[in-house]
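Printed here is input-v1.pdb (PDB, C-alpha atoms):
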```pdb
MODEL        1
ATOM      1  CA  MET A   1      -3.674   9.437 -15.663
ATOM      2  CA  ASP A   2      -0.926  11.724 -14.423
ATOM      3  CA  VAL A   3      -1.075  13.514 -11.090
ATOM      4  CA  VAL A   4       1.733  15.665  -9.760
ATOM      5  CA  ALA A   5       0.761  17.914  -6.896
ATOM      6  CA  PRO A   6       1.422  18.812  -3.324
ATOM      7  CA  THR A   7      -0.367  16.287  -1.135
ATOM      8  CA  ALA A   8      -3.176  17.213   1.220
ATOM      9  CA  ALA A   9      -0.789  17.389   4.179
ATOM     10  CA  SER A  10       1.272  20.086   2.409
ATOM     11  CA  ALA A  11       3.600  22.363   4.327
ATOM     12  CA  ALA A  12       1.447  22.563   7.442
ATOM     13  CA  GLY A  13       1.827  18.842   8.106
ATOM     14  CA  THR A  14       5.567  18.476   7.538
ATOM     15  CA  GLY A  15       6.919  20.490  10.434
ATOM     16  CA  ASN A  16       9.671  21.962   8.232
ATOM     17  CA  GLY A  17       7.742  24.239   5.864
ATOM     18  CA  ALA A  18       8.383  22.066   2.802
ATOM     19  CA  MET A  19       5.613  20.654   0.633
ATOM     20  CA  LEU A  20       4.965  16.925   0.340
ATOM     21  CA  TYR A  21       4.713  16.003  -3.337
ATOM     22  CA  ARG A  22       3.017  13.069  -4.986
ATOM     23  CA  SER A  23       3.704  12.062  -8.575
ATOM     24  CA  THR A  24       1.455   9.346 -10.006
ATOM     25  CA  GLN A  25       1.440   7.952 -13.529
ATOM     26  CA  GLY A  26      -0.907   5.152 -14.478
ATOM     27  CA  LEU A  27      -2.547   3.274 -17.290
ATOM     28  CA  MET A  28      -5.133   0.554 -17.749
ATOM     29  CA  LEU A  29      -4.002  -2.818 -19.111
ATOM     30  CA  PRO A  30      -6.308  -5.522 -20.454
ATOM     31  CA  ASP A  31      -6.919  -8.384 -18.016
ATOM     32  CA  VAL A  32      -5.054 -10.932 -20.132
ATOM     33  CA  PRO A  33      -5.495 -14.441 -18.644
ATOM     34  CA  GLY A  34      -2.555 -15.251 -16.373
ATOM     35  CA  ALA A  35      -0.747 -11.923 -16.845
ATOM     36  CA  PHE A  36      -1.688 -10.439 -13.446
ATOM     37  CA  GLU A  37      -0.530 -13.577 -11.662
ATOM     38  CA  SER A  38       2.689 -13.827 -13.685
ATOM     39  CA  PHE A  39       3.686 -10.155 -13.519
ATOM     40  CA  GLY A  40       2.587 -10.007  -9.870
ATOM     41  CA  GLN A  41       5.128 -12.570  -8.631
ATOM     42  CA  PRO A  42       7.895 -11.133  -6.410
ATOM     43  CA  ASP A  43      10.643 -11.894  -8.959
ATOM     44  CA  SER A  44       8.635 -10.251 -11.740
ATOM     45  CA  MET A  45       7.888  -7.213  -9.580
ATOM     46  CA  ALA A  46      11.617  -6.925  -8.770
ATOM     47  CA  ARG A  47      12.394  -6.965 -12.515
ATOM     48  CA  MET A  48       9.754  -4.245 -12.984
ATOM     49  CA  MET A  49      11.476  -2.027 -10.381
ATOM     50  CA  ARG A  50      14.863  -2.592 -12.035
ATOM     51  CA  ALA A  51      13.377  -1.808 -15.463
ATOM     52  CA  TYR A  52      11.910   1.420 -14.081
ATOM     53  CA  PHE A  53      15.379   2.530 -12.969
ATOM     54  CA  VAL A  54      16.894   1.632 -16.359
ATOM     55  CA  VAL A  55      14.358   4.009 -17.928
ATOM     56  CA  ALA A  56      15.330   6.662 -15.354
ATOM     57  CA  GLU A  57      19.030   6.257 -16.179
ATOM     58  CA  ASN A  58      18.336   6.545 -19.896
ATOM     59  CA  CYS A  59      16.132   9.631 -19.447
ATOM     60  CA  ALA A  60      18.919  11.316 -17.494
ATOM     61  CA  ALA A  61      21.320  10.777 -20.409
ATOM     62  CA  ARG A  62      23.464   8.608 -18.133
ATOM     63  CA  MET A  63      24.203  11.605 -15.889
ATOM     64  CA  VAL A  64      22.981   9.352 -13.090
ATOM     65  CA  THR A  65      23.491   5.663 -12.526
ATOM     66  CA  VAL A  66      21.580   3.238 -10.334
ATOM     67  CA  ARG A  67      23.580   0.757  -8.302
ATOM     68  CA  TRP A  68      21.922  -2.135  -6.533
ATOM     69  CA  THR A  69      23.047  -3.670  -3.275
ATOM     70  CA  GLY A  70      20.842  -6.716  -2.967
ATOM     71  CA  ARG A  71      17.286  -5.334  -3.205
ATOM     72  CA  ARG A  72      18.342  -1.753  -2.420
ATOM     73  CA  PRO A  73      18.640   0.780  -5.277
ATOM     74  CA  THR A  74      20.798   3.884  -4.928
ATOM     75  CA  ILE A  75      20.879   6.674  -7.507
ATOM     76  CA  PHE A  76      24.319   8.238  -7.944
ATOM     77  CA  LEU A  77      25.465  11.207  -9.941
ATOM     78  CA  THR A  78      27.796   9.629 -12.503
ATOM     79  CA  TRP A  79      30.609  12.089 -11.820
ATOM     80  CA  PRO A  80      31.480  12.926  -9.185
ATOM     81  CA  SER A  81      30.001   9.830  -7.568
ATOM     82  CA  VAL A  82      27.525  11.413  -5.136
ATOM     83  CA  VAL A  83      24.387   9.751  -3.734
ATOM     84  CA  MET A  84      21.448  11.654  -5.204
ATOM     85  CA  ILE A  85      18.728   9.369  -3.784
ATOM     86  CA  GLY A  86      19.277   6.501  -1.354
ATOM     87  CA  MET A  87      16.609   3.863  -0.880
ATOM     88  CA  ASP A  88      15.814   0.996   1.478
ATOM     89  CA  ASP A  89      15.288  -2.625   0.435
ATOM     90  CA  THR A  90      12.322  -3.210  -1.823
ATOM     91  CA  ASN A  91       9.259  -4.790  -0.206
ATOM     92  CA  PHE A  92       6.373  -6.652  -1.772
ATOM     93  CA  GLU A  93       2.659  -6.425  -1.198
ATOM     94  CA  SER A  94       0.358  -9.161  -2.451
ATOM     95  CA  SER A  95      -3.393  -9.665  -2.273
ATOM     96  CA  ALA A  96      -5.971 -11.200  -4.578
ATOM     97  CA  ASP A  97      -6.466  -7.927  -6.485
ATOM     98  CA  ARG A  98      -3.258  -5.944  -5.836
ATOM     99  CA  ARG A  99       0.450  -6.619  -6.264
ATOM    100  CA  ALA A 100       3.042  -3.952  -5.515
ATOM    101  CA  ILE A 101       6.717  -3.386  -4.933
ATOM    102  CA  HIS A 102       7.846  -0.401  -2.925
ATOM    103  CA  SER A 103      10.972   1.128  -1.495
ATOM    104  CA  ALA A 104      11.310   3.881   1.075
ATOM    105  CA  ILE A 105      13.635   6.737   0.183
ATOM    106  CA  ASN A 106      16.042   7.235   3.054
ATOM    107  CA  GLY A 107      18.241  10.114   1.953
ATOM    108  CA  GLY A 108      20.544  11.588  -0.619
ATOM    109  CA  LEU A 109      21.492  15.004  -1.945
ATOM    110  CA  LEU A 110      18.065  15.642  -3.523
ATOM    111  CA  VAL A 111      15.948  14.635  -0.508
ATOM    112  CA  MET A 112      14.954  16.736   2.513
ATOM    113  CA  PRO A 113      16.587  15.225   5.615
ATOM    114  CA  GLY A 114      13.942  13.559   7.771
ATOM    115  CA  ALA A 115      11.469  13.197   4.885
ATOM    116  CA  GLN A 116       9.835   9.797   4.428
ATOM    117  CA  PRO A 117       9.014   9.453   0.718
ATOM    118  CA  HIS A 118       8.646   6.140  -1.080
ATOM    119  CA  LEU A 119       8.319   4.748  -4.585
ATOM    120  CA  VAL A 120       5.577   2.226  -5.407
ATOM    121  CA  ILE A 121       4.979   0.286  -8.623
ATOM    122  CA  ALA A 122       1.616  -1.467  -8.441
ATOM    123  CA  LEU A 123      -0.768  -3.644 -10.408
ATOM    124  CA  GLU A 124      -4.391  -3.544  -9.314
ATOM    125  CA  ARG A 125      -7.176  -5.622 -10.780
ATOM    126  CA  LYS A 126     -10.253  -3.510 -11.599
ATOM    127  CA  PRO A 127     -13.532  -4.410 -13.349
ATOM    128  CA  GLN A 128     -12.295  -2.764 -16.575
ATOM    129  CA  GLY A 129      -8.811  -4.372 -16.517
ATOM    130  CA  VAL A 130      -5.555  -4.100 -14.575
ATOM    131  CA  ARG A 131      -4.418  -0.666 -13.457
ATOM    132  CA  ALA A 132      -0.626  -0.209 -13.488
ATOM    133  CA  THR A 133       0.788   2.745 -11.549
ATOM    134  CA  VAL A 134       4.090   4.321 -10.639
ATOM    135  CA  ASP A 135       3.704   6.450  -7.527
ATOM    136  CA  LEU A 136       6.258   8.673  -5.795
ATOM    137  CA  LEU A 137       4.653   9.540  -2.453
ATOM    138  CA  ASP A 138       5.415  12.213   0.142
ATOM    139  CA  TYR A 139       8.541  13.468  -1.595
ATOM    140  CA  GLN A 140      10.209  16.599  -0.209
ATOM    141  CA  PRO A 141      13.105  18.136  -2.119
ATOM    142  CA  ARG A 142      16.122  19.230  -0.077
ATOM    143  CA  PHE A 143      15.674  22.862   0.958
ATOM    144  CA  GLY A 144      12.032  22.507  -0.142
ATOM    145  CA  ASP A 145      11.030  25.048   2.493
ATOM    146  CA  SER A 146      12.384  27.693   0.075
ATOM    147  CA  ALA A 147       9.985  29.060  -2.559
ATOM    148  CA  ALA A 148      12.864  29.214  -5.070
ATOM    149  CA  VAL A 149      13.706  25.518  -4.562
ATOM    150  CA  ARG A 150      10.030  24.564  -4.903
ATOM    151  CA  TRP A 151       9.884  26.507  -8.186
ATOM    152  CA  VAL A 152      13.031  24.794  -9.505
ATOM    153  CA  TYR A 153      11.706  21.392  -8.402
ATOM    154  CA  ARG A 154       8.343  21.929 -10.135
ATOM    155  CA  HIS A 155      10.071  22.972 -13.362
ATOM    156  CA  THR A 156      12.848  20.351 -13.478
ATOM    157  CA  GLN A 157      12.303  17.241 -11.360
ATOM    158  CA  VAL A 158       8.512  17.069 -11.658
ATOM    159  CA  PRO A 159       8.640  16.792 -15.481
ATOM    160  CA  VAL A 160      11.367  14.136 -15.137
ATOM    161  CA  HIS A 161       9.169  12.049 -12.809
ATOM    162  CA  VAL A 162       6.302  12.279 -15.311
ATOM    163  CA  VAL A 163       8.422  11.370 -18.352
ATOM    164  CA  VAL A 164      10.124   8.436 -16.626
ATOM    165  CA  GLY A 165       6.790   7.105 -15.335
ATOM    166  CA  ARG A 166       5.095   7.386 -18.723
ATOM    167  CA  LEU A 167       7.975   5.777 -20.618
ATOM    168  CA  TYR A 168       8.245   2.953 -18.122
ATOM    169  CA  LEU A 169       4.489   2.262 -18.273
ATOM    170  CA  ARG A 170       4.590   2.289 -22.088
ATOM    171  CA  GLN A 171       7.365  -0.331 -21.922
ATOM    172  CA  LEU A 172       5.362  -2.364 -19.390
ATOM    173  CA  ARG A 173       2.321  -2.310 -21.687
ATOM    174  CA  GLN A 174       4.404  -3.729 -24.543
ATOM    175  CA  GLN A 175       5.680  -6.542 -22.329
ATOM    176  CA  TRP A 176       2.171  -7.188 -20.955
ATOM    177  CA  LEU A 177       0.708  -7.588 -24.442
ATOM    178  CA  SER A 178       3.521  -9.748 -25.868
TER     179      SER A 178
ENDMDL
END
```
As structure tokens, please, write out the structure in this file.
Amino acid sequence: MDVVAPTAASAAGTGNGAMLYRSTQGLMLPDVPGAFESFGQPDSMARMMRAYFVVAENCAARMVTVRWTGRRPTIFLTWPSVVMIGMDDTNFESSADRRAIHSAINGGLLVMPGAQPHLVIALERKPQGVRATVDLLDYQPRFGDSAAVRWVYRHTQVPVHVVVGRLYLRQLRQQWLS
């Protein structure tokens, strides 16, 4: 399942004319005994978030690099070293049927000032198996109130979000089944 679209709030709800975007990639994993509990531990979820950003770096042909300060990822342009996307510390969510790691995006060259997007990687137990998702929520590109910027975003960054999410989930499936 891939969903990339303006969210229901859209431009009317942002106060700045820019669209809120949501990019979701997901797949169903078999409910292998013990896998949900093992992969759903905070340390495992943290490794999942780091692995996601390794895929992102590789997809960008090393034009960007991710640096970690504790549990806080920051995406930099490789040269010159400019913050493209800054993020807060990762946080964990845990319940009997859902485990997730998320990080709020707090700024950077690619992000609309004042926007409040966040990245979530989640595992959710369902009757048919375990649903794994990568979700970028409420993203607003810088200058996203411009139709030209929205067009560029839809034709450059949106495909990147989809490719990175799909590749990461394919990698996760291999680890899940091994």
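Nearest-residue note for A:Arg99: choosing from A:Thr74, A:Gln128, A:Thr69, A:Ser38, the minimum distance belongs to A:Ser38, counting all atoms listed in the file.
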Evaluate the PyMOL selection byres ((chain A and resi 67) around 12) and record the selected residues as a JSON list (two decimals) with C-alpha atoms, in the coordinates of the input, following the chain and residue labels used in the document.
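File written: expr-v4.json
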```
[["chain", "number", "residue", "atom", "x", "y", "z"],
["A", 50, "ARG", "CA", 14.86, -2.59, -12.04],
["A", 53, "PHE", "CA", 15.38, 2.53, -12.97],
["A", 54, "VAL", "CA", 16.89, 1.63, -16.36],
["A", 57, "GLU", "CA", 19.03, 6.26, -16.18],
["A", 64, "VAL", "CA", 22.98, 9.35, -13.09],
["A", 65, "THR", "CA", 23.49, 5.66, -12.53],
["A", 66, "VAL", "CA", 21.58, 3.24, -10.33],
["A", 68, "TRP", "CA", 21.92, -2.13, -6.53],
["A", 69, "THR", "CA", 23.05, -3.67, -3.28],
["A", 70, "GLY", "CA", 20.84, -6.72, -2.97],
["A", 71, "ARG", "CA", 17.29, -5.33, -3.20],
["A", 72, "ARG", "CA", 18.34, -1.75, -2.42],
["A", 73, "PRO", "CA", 18.64, 0.78, -5.28],
["A", 74, "THR", "CA", 20.80, 3.88, -4.93],
["A", 75, "ILE", "CA", 20.88, 6.67, -7.51],
["A", 76, "PHE", "CA", 24.32, 8.24, -7.94],
["A", 77, "LEU", "CA", 25.46, 11.21, -9.94],
["A", 78, "THR", "CA", 27.80, 9.63, -12.50],
["A", 81, "SER", "CA", 30.00, 9.83, -7.57],
["A", 82, "VAL", "CA", 27.52, 11.41, -5.14],
["A", 83, "VAL", "CA", 24.39, 9.75, -3.73],
["A", 84, "MET", "CA", 21.45, 11.65, -5.20],
["A", 85, "ILE", "CA", 18.73, 9.37, -3.78],
["A", 86, "GLY", "CA", 19.28, 6.50, -1.35],
["A", 87, "MET", "CA", 16.61, 3.86, -0.88]]
```
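Relative to atom CA of A:Ala51, atom CA of A:Gln174 is found at 12.9 Å.
Reported to one decimal place, the separation of atom CA of A:Ser95 from atom CA of A:Leu169 is 21.5 Å.
Using only C-alpha atoms, the shortest contact distance between A:Lys126 and any of A:Glu93, A:Asp31, A:Asp138, A:Glu37 is found at A:Asp31.
Of the listed residues (A:Ala61, A:Pro117, A:Asp2, A:Pro141), A:Asp2 comes nearest to A:Leu27; the distances count all atoms listed in the file.
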Matched chain/residue IDs from the PyMOL selection byres ((chain A and resi 146-160) around 10), as a PyMOL selection string: chain A and resi 4-5+17-19+21-23+56+59-60+110+140-145+161-166
Please produce a file of those selected residues containing C-alpha atoms, as an mmCIF file, in the frame of the given file.
```
data_model
loop_
_atom_site.group_PDB
_atom_site.id
_atom_site.type_symbol
_atom_site.label_atom_id
_atom_site.label_comp_id
_atom_site.auth_asym_id
_atom_site.auth_seq_id
_atom_site.Cartn_x
_atom_site.Cartn_y
_atom_site.Cartn_z
ATOM 1 C CA VAL A 4 1.733 15.665 -9.760
ATOM 2 C CA ALA A 5 0.761 17.914 -6.896
ATOM 3 C CA GLY A 17 7.742 24.239 5.864
ATOM 4 C CA ALA A 18 8.383 22.066 2.802
ATOM 5 C CA MET A 19 5.613 20.654 0.633
ATOM 6 C CA TYR A 21 4.713 16.003 -3.337
ATOM 7 C CA ARG A 22 3.017 13.069 -4.986
ATOM 8 C CA SER A 23 3.704 12.062 -8.575
ATOM 9 C CA ALA A 56 15.330 6.662 -15.354
ATOM 10 C CA CYS A 59 16.132 9.631 -19.447
ATOM 11 C CA ALA A 60 18.919 11.316 -17.494
ATOM 12 C CA LEU A 110 18.065 15.642 -3.523
ATOM 13 C CA GLN A 140 10.209 16.599 -0.209
ATOM 14 C CA PRO A 141 13.105 18.136 -2.119
ATOM 15 C CA ARG A 142 16.122 19.230 -0.077
ATOM 16 C CA PHE A 143 15.674 22.862 0.958
ATOM 17 C CA GLY A 144 12.032 22.507 -0.142
ATOM 18 C CA ASP A 145 11.030 25.048 2.493
ATOM 19 C CA HIS A 161 9.169 12.049 -12.809
ATOM 20 C CA VAL A 162 6.302 12.279 -15.311
ATOM 21 C CA VAL A 163 8.422 11.370 -18.352
ATOM 22 C CA VAL A 164 10.124 8.436 -16.626
ATOM 23 C CA GLY A 165 6.790 7.105 -15.335
ATOM 24 C CA ARG A 166 5.095 7.386 -18.723
#
```
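Of note, atom CA of A:Ala122 and atom CA of A:Phe39 are spaced 10.3 Å apart.
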Neighbours of point (6.7, -3.4, -3.5) within 9 Å, using all atoms listed in the file, written as a PyMOL selection string: chain A and resi 42+45-46+49+90-94+99-103+119-122
Expected file: the selected residues, C-alpha atoms, as an mmCIF file, in the coordinates of the input:
```cif
data_model
loop_
_atom_site.group_PDB
_atom_site.id
_atom_site.type_symbol
_atom_site.label_atom_id
_atom_site.label_comp_id
_atom_site.auth_asym_id
_atom_site.auth_seq_id
_atom_site.Cartn_x
_atom_site.Cartn_y
_atom_site.Cartn_z
ATOM 1 C CA PRO A 42 7.895 -11.133 -6.410
ATOM 2 C CA MET A 45 7.888 -7.213 -9.580
ATOM 3 C CA ALA A 46 11.617 -6.925 -8.770
ATOM 4 C CA MET A 49 11.476 -2.027 -10.381
ATOM 5 C CA THR A 90 12.322 -3.210 -1.823
ATOM 6 C CA ASN A 91 9.259 -4.790 -0.206
ATOM 7 C CA PHE A 92 6.373 -6.652 -1.772
ATOM 8 C CA GLU A 93 2.659 -6.425 -1.198
ATOM 9 C CA SER A 94 0.358 -9.161 -2.451
ATOM 10 C CA ARG A 99 0.450 -6.619 -6.264
ATOM 11 C CA ALA A 100 3.042 -3.952 -5.515
ATOM 12 C CA ILE A 101 6.717 -3.386 -4.933
ATOM 13 C CA HIS A 102 7.846 -0.401 -2.925
ATOM 14 C CA SER A 103 10.972 1.128 -1.495
ATOM 15 C CA LEU A 119 8.319 4.748 -4.585
ATOM 16 C CA VAL A 120 5.577 2.226 -5.407
ATOM 17 C CA ILE A 121 4.979 0.286 -8.623
ATOM 18 C CA ALA A 122 1.616 -1.467 -8.441
#
```
Selected residue, from A:Asp97, A:Gln171, A:His118, A:Tyr139, that lies nearest to A:Phe36 when counting all atoms listed in the file: A:Asp97
Answer key for the PyMOL selection byres ((chain A and resi 114) around 10), residues as a compact mmCIF listing (two decimals) with C-alpha atoms, keeping the file's coordinate frame:
```txt
# COMPACT_ATOMS: atom_id res chain seq x y z
CA THR A 14 5.57 18.48 7.54
CA ASN A 16 9.67 21.96 8.23
CA ASN A 106 16.04 7.24 3.05
CA GLY A 107 18.24 10.11 1.95
CA VAL A 111 15.95 14.64 -0.51
CA MET A 112 14.95 16.74 2.51
CA PRO A 113 16.59 15.22 5.62
CA ALA A 115 11.47 13.20 4.88
CA GLN A 116 9.84 9.80 4.43
CA PRO A 117 9.01 9.45 0.72
CA GLN A 140 10.21 16.60 -0.21
CA ARG A 142 16.12 19.23 -0.08
```
